[in-house]
Amino acid sequence: MAGRIDVENLRVTRGEFTLEVDSLHVREREIFAILGTTGSGKTVLMESIAGAFPINEGSIKLDDKDIEALPIQQRHLGILYQDYALFPHLTVWDNIAYGLKHQRPRPDNIDEQVGNMLHMFEIEHLAGRYPGVISGGESQRVALARALVMHPEILILDEPFSALDPTTKRQMYKLLRNVHESFSCTIVFVTHDMDEAIKIADNILLMKDGEIVQSGSPEEILRHPANDFVKEFIGKKRLSKVQDMATVEEVMVNHPRTVHPTRGLAQSMTMMEKNKVDSLLVVDNQDKLLGNITIYDVVKAFDDESLKVQDIMKPFEHSVTPDTLLPKAIQLMDELKAPYLPVVNDTGHLVGLLTRGSIVGYVSSEVEVML
Ligand SMILES: Nc1ncnc2c1ncn2[C@@H]1O[C@H](COP(=O)(O)OP(=O)(O)O)[C@@H](O)[C@H]1O
Ligand SMILES: [Mg+2]
């Protein structure tokens, strides 16, 4: 097993730009994502790892061997770029066969190997076509096949999917996960897509202005973002869920069903039925919360026509404010075994209702964002 990358005290200058990486370690067979703003040095880092040009200072080792000491064919690297870079004058078949044809000794089962790749990437029908007449998604499948037919220990992907439409992009990420499983190679991928990085990477590196801002597992980065840059990169919505910073306000039902204290019971029952609820919040004309009535209270008192809402309503023992943290509110609901809690502001006015349904809706929509 191999496919490890160790970078120490790296310094690379290109024009005005300097990349400085104190230390970076990619473990064998892991999926490693690199994120960062445009111009932060991601491509320079990838090219340095690939050994595309000499570095100024430091060391880059692939499985303990200095990259500079390794001839290209011994680096066992496959690289995919954003702009496909297939050989335009060669057919898809010949593009995939290219590396094998130049291998010494030349393998005698090139046909079979290329055939397997075409099959695996579902591009058999494209074998005789030229790169100019296939789609972006197809081009990237060919590029993946061309890289993987050489069975690299490390596959480097420099934003290869960023130009693809969302559906094709999702398919490509799925394909990438299959590739990782079938070829068990180390995958280093540069991406703008935080969701994908969170979903598939074992480790994430965030870069800014030629330096590493933070590296760690998605879990570590989500729970402990190093600074505001990382927070911004992750996005407020993901963070608020993960860090339990969501407040009641983000989750609550905004217009709960209310009833005035002077209304009658038949009237209240009709309102419940119409709105398909089993209780109503009682508020005065200024929306100040007075209490609530349930369908059971109404049914019990129904025969006495003189009774009004204000005669049977019960005050709320508990409520929460809009800025209460969601986990705290959930805990309170759980302790009280309450199906809902009214949300009132500092002056006691009703602003919303926290229900179990609204919590489930919120949490599951957040999980969707995460996945
Ligand atoms: N060959 C070069 N000569 C001069 N400047 C370069 C060269 N290659 C990259 N740069 C500069 O290095 C910085 C980082 O580039 P790059 O690694 O491509 O960023 P990105 O993170 O978007 O991939 C940019 O400011 C870019 O202009
Ligand atoms: Mg780049």
# chains A, B, ... in the order shown; residues from 1 in each chain; ligands from 1
$ closest_atom_pairs --of "range 154-259 of chain A" --to "range 117-133 of chain A" --cutoff "10 Å" --atoms "only C-alpha atoms" --output "JSON lines"
{"residue": "A:Leu175", "atom": "CA", "partner": "A:Phe121", "partner_atom": "CA", "distance": 8.1}
{"residue": "A:Asn178", "atom": "CA", "partner": "A:Met120", "partner_atom": "CA", "distance": 9.9}
{"residue": "A:Val179", "atom": "CA", "partner": "A:Met120", "partner_atom": "CA", "distance": 9.4}
$ residues_around --residues "Glu16 in chain A" --least-positions-apart "5" --cutoff "12 Å" --atoms "only C-alpha atoms" --output "list in words"
Gly39, Gly41, Asp209 and Gly210 of chain A
$ closest_residue --among "A:Leu350, A:Leu80, A:Met333, A:Met194" --to "Arg141 in chain A" --atoms "only C-alpha atoms"
A:Leu80
$ closest_atom_pairs --of "chain A" --to "ligand 2" --cutoff "12 Å" --atoms "only C-alpha atoms and all ligand atoms" --output "JSON lines"
{"residue": "A:Ile34", "atom": "CA", "partner": "ligand 2", "partner_atom_place_in_ligand_line": "1 (Mg)", "distance": 10.4}
{"residue": "A:Leu35", "atom": "CA", "partner": "ligand 2", "partner_atom_place_in_ligand_line": "1 (Mg)", "distance": 10.1}
{"residue": "A:Gly36", "atom": "CA", "partner": "ligand 2", "partner_atom_place_in_ligand_line": "1 (Mg)", "distance": 9.4}
{"residue": "A:Thr37", "atom": "CA", "partner": "ligand 2", "partner_atom_place_in_ligand_line": "1 (Mg)", "distance": 9.3}
{"residue": "A:Thr38", "atom": "CA", "partner": "ligand 2", "partner_atom_place_in_ligand_line": "1 (Mg)", "distance": 6.8}
{"residue": "A:Gly39", "atom": "CA", "partner": "ligand 2", "partner_atom_place_in_ligand_line": "1 (Mg)", "distance": 6.9}
{"residue": "A:Ser40", "atom": "CA", "partner": "ligand 2", "partner_atom_place_in_ligand_line": "1 (Mg)", "distance": 8.2}
{"residue": "A:Gly41", "atom": "CA", "partner": "ligand 2", "partner_atom_place_in_ligand_line": "1 (Mg)", "distance": 7.0}
{"residue": "A:Lys42", "atom": "CA", "partner": "ligand 2", "partner_atom_place_in_ligand_line": "1 (Mg)", "distance": 5.4}
{"residue": "A:Thr43", "atom": "CA", "partner": "ligand 2", "partner_atom_place_in_ligand_line": "1 (Mg)", "distance": 4.1}
{"residue": "A:Val44", "atom": "CA", "partner": "ligand 2", "partner_atom_place_in_ligand_line": "1 (Mg)", "distance": 7.4}
{"residue": "A:Leu45", "atom": "CA", "partner": "ligand 2", "partner_atom_place_in_ligand_line": "1 (Mg)", "distance": 9.1}
{"residue": "A:Met46", "atom": "CA", "partner": "ligand 2", "partner_atom_place_in_ligand_line": "1 (Mg)", "distance": 8.6}
{"residue": "A:Glu47", "atom": "CA", "partner": "ligand 2", "partner_atom_place_in_ligand_line": "1 (Mg)", "distance": 9.8}
{"residue": "A:Leu80", "atom": "CA", "partner": "ligand 2", "partner_atom_place_in_ligand_line": "1 (Mg)", "distance": 11.7}
{"residue": "A:Tyr81", "atom": "CA", "partner": "ligand 2", "partner_atom_place_in_ligand_line": "1 (Mg)", "distance": 8.8}
{"residue": "A:Gln82", "atom": "CA", "partner": "ligand 2", "partner_atom_place_in_ligand_line": "1 (Mg)", "distance": 8.2}
{"residue": "A:Asp83", "atom": "CA", "partner": "ligand 2", "partner_atom_place_in_ligand_line": "1 (Mg)", "distance": 10.6}
{"residue": "A:Leu157", "atom": "CA", "partner": "ligand 2", "partner_atom_place_in_ligand_line": "1 (Mg)", "distance": 10.3}
{"residue": "A:Asp158", "atom": "CA", "partner": "ligand 2", "partner_atom_place_in_ligand_line": "1 (Mg)", "distance": 6.5}
{"residue": "A:Glu159", "atom": "CA", "partner": "ligand 2", "partner_atom_place_in_ligand_line": "1 (Mg)", "distance": 7.1}
{"residue": "A:Pro160", "atom": "CA", "partner": "ligand 2", "partner_atom_place_in_ligand_line": "1 (Mg)", "distance": 10.0}
{"residue": "A:Ser162", "atom": "CA", "partner": "ligand 2", "partner_atom_place_in_ligand_line": "1 (Mg)", "distance": 10.6}
{"residue": "A:Phe189", "atom": "CA", "partner": "ligand 2", "partner_atom_place_in_ligand_line": "1 (Mg)", "distance": 11.0}
{"residue": "A:Val190", "atom": "CA", "partner": "ligand 2", "partner_atom_place_in_ligand_line": "1 (Mg)", "distance": 7.8}
{"residue": "A:Thr191", "atom": "CA", "partner": "ligand 2", "partner_atom_place_in_ligand_line": "1 (Mg)", "distance": 9.0}
{"residue": "A:His192", "atom": "CA", "partner": "ligand 2", "partner_atom_place_in_ligand_line": "1 (Mg)", "distance": 10.1}
{"residue": "A:Met207", "atom": "CA", "partner": "ligand 2", "partner_atom_place_in_ligand_line": "1 (Mg)", "distance": 11.6}
{"residue": "A:Gly210", "atom": "CA", "partner": "ligand 2", "partner_atom_place_in_ligand_line": "1 (Mg)", "distance": 11.9}
$ write_last_selection --atoms "N, CA and C atoms" --output "short mmCIF file (atom, residue, chain, number, x, y, z; two decimals), in the first residue's frame"
data_model
loop_
_atom_site.label_atom_id
_atom_site.label_comp_id
_atom_site.auth_asym_id
_atom_site.auth_seq_id
_atom_site.Cartn_x
_atom_site.Cartn_y
_atom_site.Cartn_z
N ILE A 34 -8.90 20.17 -1.17
CA ILE A 34 -8.25 21.47 -0.99
C ILE A 34 -9.20 22.56 -1.45
N LEU A 35 -9.50 23.47 -0.53
CA LEU A 35 -10.40 24.57 -0.85
C LEU A 35 -9.69 25.89 -0.64
N GLY A 36 -10.12 26.90 -1.35
CA GLY A 36 -9.52 28.21 -1.14
C GLY A 36 -10.01 29.19 -2.18
N THR A 37 -9.79 30.46 -1.92
CA THR A 37 -10.22 31.49 -2.86
C THR A 37 -9.39 31.39 -4.15
N THR A 38 -9.89 31.99 -5.20
CA THR A 38 -9.17 32.00 -6.47
C THR A 38 -7.84 32.72 -6.28
N GLY A 39 -6.80 32.14 -6.81
CA GLY A 39 -5.48 32.76 -6.70
C GLY A 39 -4.78 32.48 -5.38
N SER A 40 -5.33 31.57 -4.57
CA SER A 40 -4.72 31.30 -3.27
C SER A 40 -3.53 30.35 -3.39
N GLY A 41 -3.34 29.78 -4.56
CA GLY A 41 -2.16 28.93 -4.76
C GLY A 41 -2.45 27.45 -4.82
N LYS A 42 -3.71 27.10 -5.03
CA LYS A 42 -4.09 25.68 -5.06
C LYS A 42 -3.42 24.95 -6.23
N THR A 43 -3.49 25.60 -7.40
CA THR A 43 -2.90 24.97 -8.58
C THR A 43 -1.38 24.91 -8.46
N VAL A 44 -0.80 25.98 -7.95
CA VAL A 44 0.66 25.97 -7.75
C VAL A 44 1.04 24.81 -6.82
N LEU A 45 0.26 24.61 -5.78
CA LEU A 45 0.54 23.50 -4.85
C LEU A 45 0.41 22.15 -5.56
N MET A 46 -0.65 22.00 -6.35
CA MET A 46 -0.85 20.73 -7.07
C MET A 46 0.28 20.48 -8.05
N GLU A 47 0.67 21.54 -8.76
CA GLU A 47 1.76 21.39 -9.73
C GLU A 47 3.09 21.08 -9.04
N LEU A 80 -5.87 15.37 -13.26
CA LEU A 80 -6.99 15.86 -14.06
C LEU A 80 -7.11 17.36 -13.85
N TYR A 81 -7.22 18.09 -14.94
CA TYR A 81 -7.34 19.54 -14.83
C TYR A 81 -8.77 19.97 -15.13
N GLN A 82 -9.00 21.22 -14.80
CA GLN A 82 -10.32 21.80 -15.04
C GLN A 82 -10.65 21.80 -16.54
N ASP A 83 -9.63 22.09 -17.35
CA ASP A 83 -9.87 22.23 -18.79
C ASP A 83 -9.55 20.94 -19.56
N LEU A 157 -6.83 15.97 -8.70
CA LEU A 157 -7.89 16.57 -9.49
C LEU A 157 -7.93 18.06 -9.20
N ASP A 158 -7.60 18.86 -10.18
CA ASP A 158 -7.59 20.30 -9.98
C ASP A 158 -8.87 20.92 -10.54
N GLU A 159 -9.87 21.00 -9.70
CA GLU A 159 -11.19 21.53 -10.07
C GLU A 159 -11.72 20.97 -11.39
N PRO A 160 -11.69 19.66 -11.55
CA PRO A 160 -12.08 19.12 -12.85
C PRO A 160 -13.57 19.20 -13.13
N SER A 162 -15.63 21.78 -11.97
CA SER A 162 -16.22 23.10 -11.69
C SER A 162 -16.94 23.71 -12.89
N PHE A 189 -8.21 16.35 -4.22
CA PHE A 189 -8.99 17.15 -5.17
C PHE A 189 -9.21 18.58 -4.72
N VAL A 190 -8.98 19.47 -5.67
CA VAL A 190 -9.19 20.89 -5.45
C VAL A 190 -10.63 21.19 -5.85
N THR A 191 -11.32 21.89 -5.00
CA THR A 191 -12.74 22.15 -5.30
C THR A 191 -13.20 23.47 -4.69
N HIS A 192 -14.32 23.97 -5.23
CA HIS A 192 -14.97 25.13 -4.63
C HIS A 192 -16.17 24.67 -3.83
N MET A 207 -7.04 27.14 2.00
CA MET A 207 -5.92 28.01 1.64
C MET A 207 -6.37 29.44 1.38
N GLY A 210 -1.72 32.01 -0.56
CA GLY A 210 -0.49 31.22 -0.57
C GLY A 210 -0.15 30.55 0.74
#
$ residues_around --residues "Ala226 in chain A" --least-positions-apart "6" --cutoff "10 Å" --atoms "only C-alpha atoms" --output "NGL selection string"
:A and (213-215 or 220)
$ atom_distance --atom1 "CA of Ser217 in chain A" --atom2 "CA of Val188 in chain A"
13.9 Å
$ select_by_dssp --residues "range 149-260 of chain A" --states "strand (DSSP E or B)" --output "PyMOL selection string"
chain A and resi 154-158+186-190+203-208+211-216+247+253+258-259
$ closest_residue --among "A:Gly3, A:Pro256, A:Gly51, A:Pro152" --to "Gly99 in chain A" --atoms "only C-alpha atoms"
A:Pro152
$ residues_around --residues "Tyr173 in chain A" --least-positions-apart "6" --cutoff "10 Å" --atoms "only C-alpha atoms" --output "list in words"
Phe161, Val179, Glu196, Lys199 and Ile200 of chain A
$ write_last_selection --atoms "C-alpha atoms" --output "PDB file, in the first residue's frame"
ATOM      1  CA  PHE A 161     -15.807  19.384 -12.284  1.00  0.00           C
ATOM      2  CA  VAL A 179     -13.156   5.165  -8.428  1.00  0.00           C
ATOM      3  CA  GLU A 196     -18.812  17.822  -1.648  1.00  0.00           C
ATOM      4  CA  LYS A 199     -19.425  14.744   2.117  1.00  0.00           C
ATOM      5  CA  ILE A 200     -16.535  12.790   0.654  1.00  0.00           C
TER       6      ILE A 200
END
$ closest_residue --among "A:Thr18, A:Ser182, A:Thr262, A:Asn9" --to "ligand 1" --atoms "only C-alpha atoms and all ligand atoms"
A:Thr18
$ closest_residue --among "A:Val277, A:Leu70, A:Thr247, A:Gln171" --to "Lys328 in chain A" --atoms "only C-alpha atoms"
A:Thr247
$ atom_distance --atom1 "CA of Thr258 in chain A" --atom2 "CA of Thr321 in chain A"
17.9 Å
$ select_by_dssp --residues "range 187-224 of chain A" --states "helix (DSSP H, G or I)" --output "PyMOL selection string"
chain A and resi 194-200+218-223
$ write_last_selection --atoms "C-alpha atoms" --output "mmCIF file, in the first residue's frame"
data_model
loop_
_atom_site.group_PDB
_atom_site.id
_atom_site.type_symbol
_atom_site.label_atom_id
_atom_site.label_comp_id
_atom_site.auth_asym_id
_atom_site.auth_seq_id
_atom_site.Cartn_x
_atom_site.Cartn_y
_atom_site.Cartn_z
ATOM 1 C CA MET A 194 -17.714 22.783 0.357
ATOM 2 C CA ASP A 195 -20.681 20.399 0.385
ATOM 3 C CA GLU A 196 -18.812 17.822 -1.648
ATOM 4 C CA ALA A 197 -15.697 18.236 0.453
ATOM 5 C CA ILE A 198 -17.706 17.708 3.647
ATOM 6 C CA LYS A 199 -19.425 14.744 2.117
ATOM 7 C CA ILE A 200 -16.535 12.790 0.654
ATOM 8 C CA PRO A 218 -14.490 17.887 8.028
ATOM 9 C CA GLU A 219 -15.740 17.254 11.543
ATOM 10 C CA GLU A 220 -12.895 19.250 13.125
ATOM 11 C CA ILE A 221 -13.252 22.106 10.683
ATOM 12 C CA LEU A 222 -17.015 22.300 11.065
ATOM 13 C CA ARG A 223 -16.834 22.209 14.840
#
